[in-house]
Amino acid sequence: MSQKNREGKRSARERLQEQREKDRARDKRKRTMAAVGAVVVVLGVATGVGLFASKAKEDSGKSGGAVEAPRGAVGKGRLVIETGRDAKPGRPTPSTLTVYEDFRCPGCKQFEDAFRTTLHQLQDSGRLKVQYHLVTIIDGNMGGIGSLHAANAAGCAQDAGKFRAYHDVLYQHQPDETRDTYADKKRLIKLAGKVPALDTPAFRACVKDGRHDGWVKKSSETFNRSGFASTPTVLLNGKSVYGDPNKPLSPDKLKRMVAAEGRG
């Protein structure tokens with residue numbers, strides 16, 4: 001084989017080798033770009049999911065609304081509506097009855113129907129103050145939003161200085177537990193007509209806007225963390241006094257307990 005032919009073959013082999021190296025380099029670049037592209041897509045999706053989750057969280061926070069407490073609410077976080085008068089001069093400091101209640105709760109209605117008159121008498125005489133915590137346990141157990149809407153409406157009544165009267169009306173007209181009648185805001189507004197001077201444009205707007213919905217939800221969340229498991233939960237000066245079948249509470253017994261606390 002001539003020197004010329006050997007050089008020609010070697011040159012061809014070199015060109016082939018160069019081409020193969022170029023092809024491998026090109027394939028490597030393609031694989032690299034594909035991998036980068038996949039990472040970008042994944043990051044883009046992850047970012048989208050993160051943004052969606054963040055947005056969902058924001059929307060969830062907004063759905064609860066601002067925690068706007070009713071006028072005159074007291075206690076930690078202003079989650080309590082207190083009724084009753086201050087003690088008369090020379091009389092002992094009033095006892096405190098704490099009540100966790102749900103306007104859809106049949107047991108709460110039983111308590112109110114049995115003790116309403118006694119509670120009014122003790123409050124009006126300055127011997128007892130009642131602190132109401134409004135919760136939505138039945139909404140959670142049975143479904144619906146009637147507990148929430150009724151509690152918000154009661155908060156609106158508190159704004160108008162009509163809480164106790166409207167509170168009593170809600171229990172006097174409580175629907176069956178399985179019927180979410182109080183989800184209807186028109187029904188709640190209609191019941192306000194039974195309380196003198198309550199059915200006003202301000203009250204209607206408060207009910208329709210759900211002004212105190214966030215406050216009600218906050219109150220219910222606090223109840224869920226309290227260790228109490230049911231409504232009504234009734235405490236006299238911090239001690240549970242209702243619901244124990246071995247120690248039933250009656251209106252007369254409550255009067256005696258309040259009198260004993262006052263003497264103490």
# chains A, B, ... in the order shown; residues from 1 in each chain; ligands from 1
$ closest_atom_pairs --of "range 76-160 of chain A" --to "range 213-224 of chain A" --cutoff "7 Å" --atoms "only C-alpha atoms" --output "JSON lines"
{"residue": "A:Leu79", "atom": "CA", "partner": "A:Ser219", "partner_atom": "CA", "distance": 5.7}
{"residue": "A:His133", "atom": "CA", "partner": "A:Ser219", "partner_atom": "CA", "distance": 6.7}
{"residue": "A:Leu134", "atom": "CA", "partner": "A:Ser219", "partner_atom": "CA", "distance": 6.4}
{"residue": "A:Val135", "atom": "CA", "partner": "A:Ser220", "partner_atom": "CA", "distance": 4.4}
{"residue": "A:Thr136", "atom": "CA", "partner": "A:Ser220", "partner_atom": "CA", "distance": 6.0}
{"residue": "A:Leu148", "atom": "CA", "partner": "A:Val216", "partner_atom": "CA", "distance": 6.7}
{"residue": "A:Ala151", "atom": "CA", "partner": "A:Val216", "partner_atom": "CA", "distance": 6.6}
{"residue": "A:Asn152", "atom": "CA", "partner": "A:Asp213", "partner_atom": "CA", "distance": 5.6}
$ select_by_dssp --residues "range 104-238 of chain A" --states "strand (DSSP E or B)" --output "PyMOL selection string"
chain A and resi 128-134+233-236
$ closest_residue --among "A:Arg263, A:Val234, A:Arg225, A:Ala165" --to "Leu249 in chain A" --atoms "only C-alpha atoms"
A:Val234
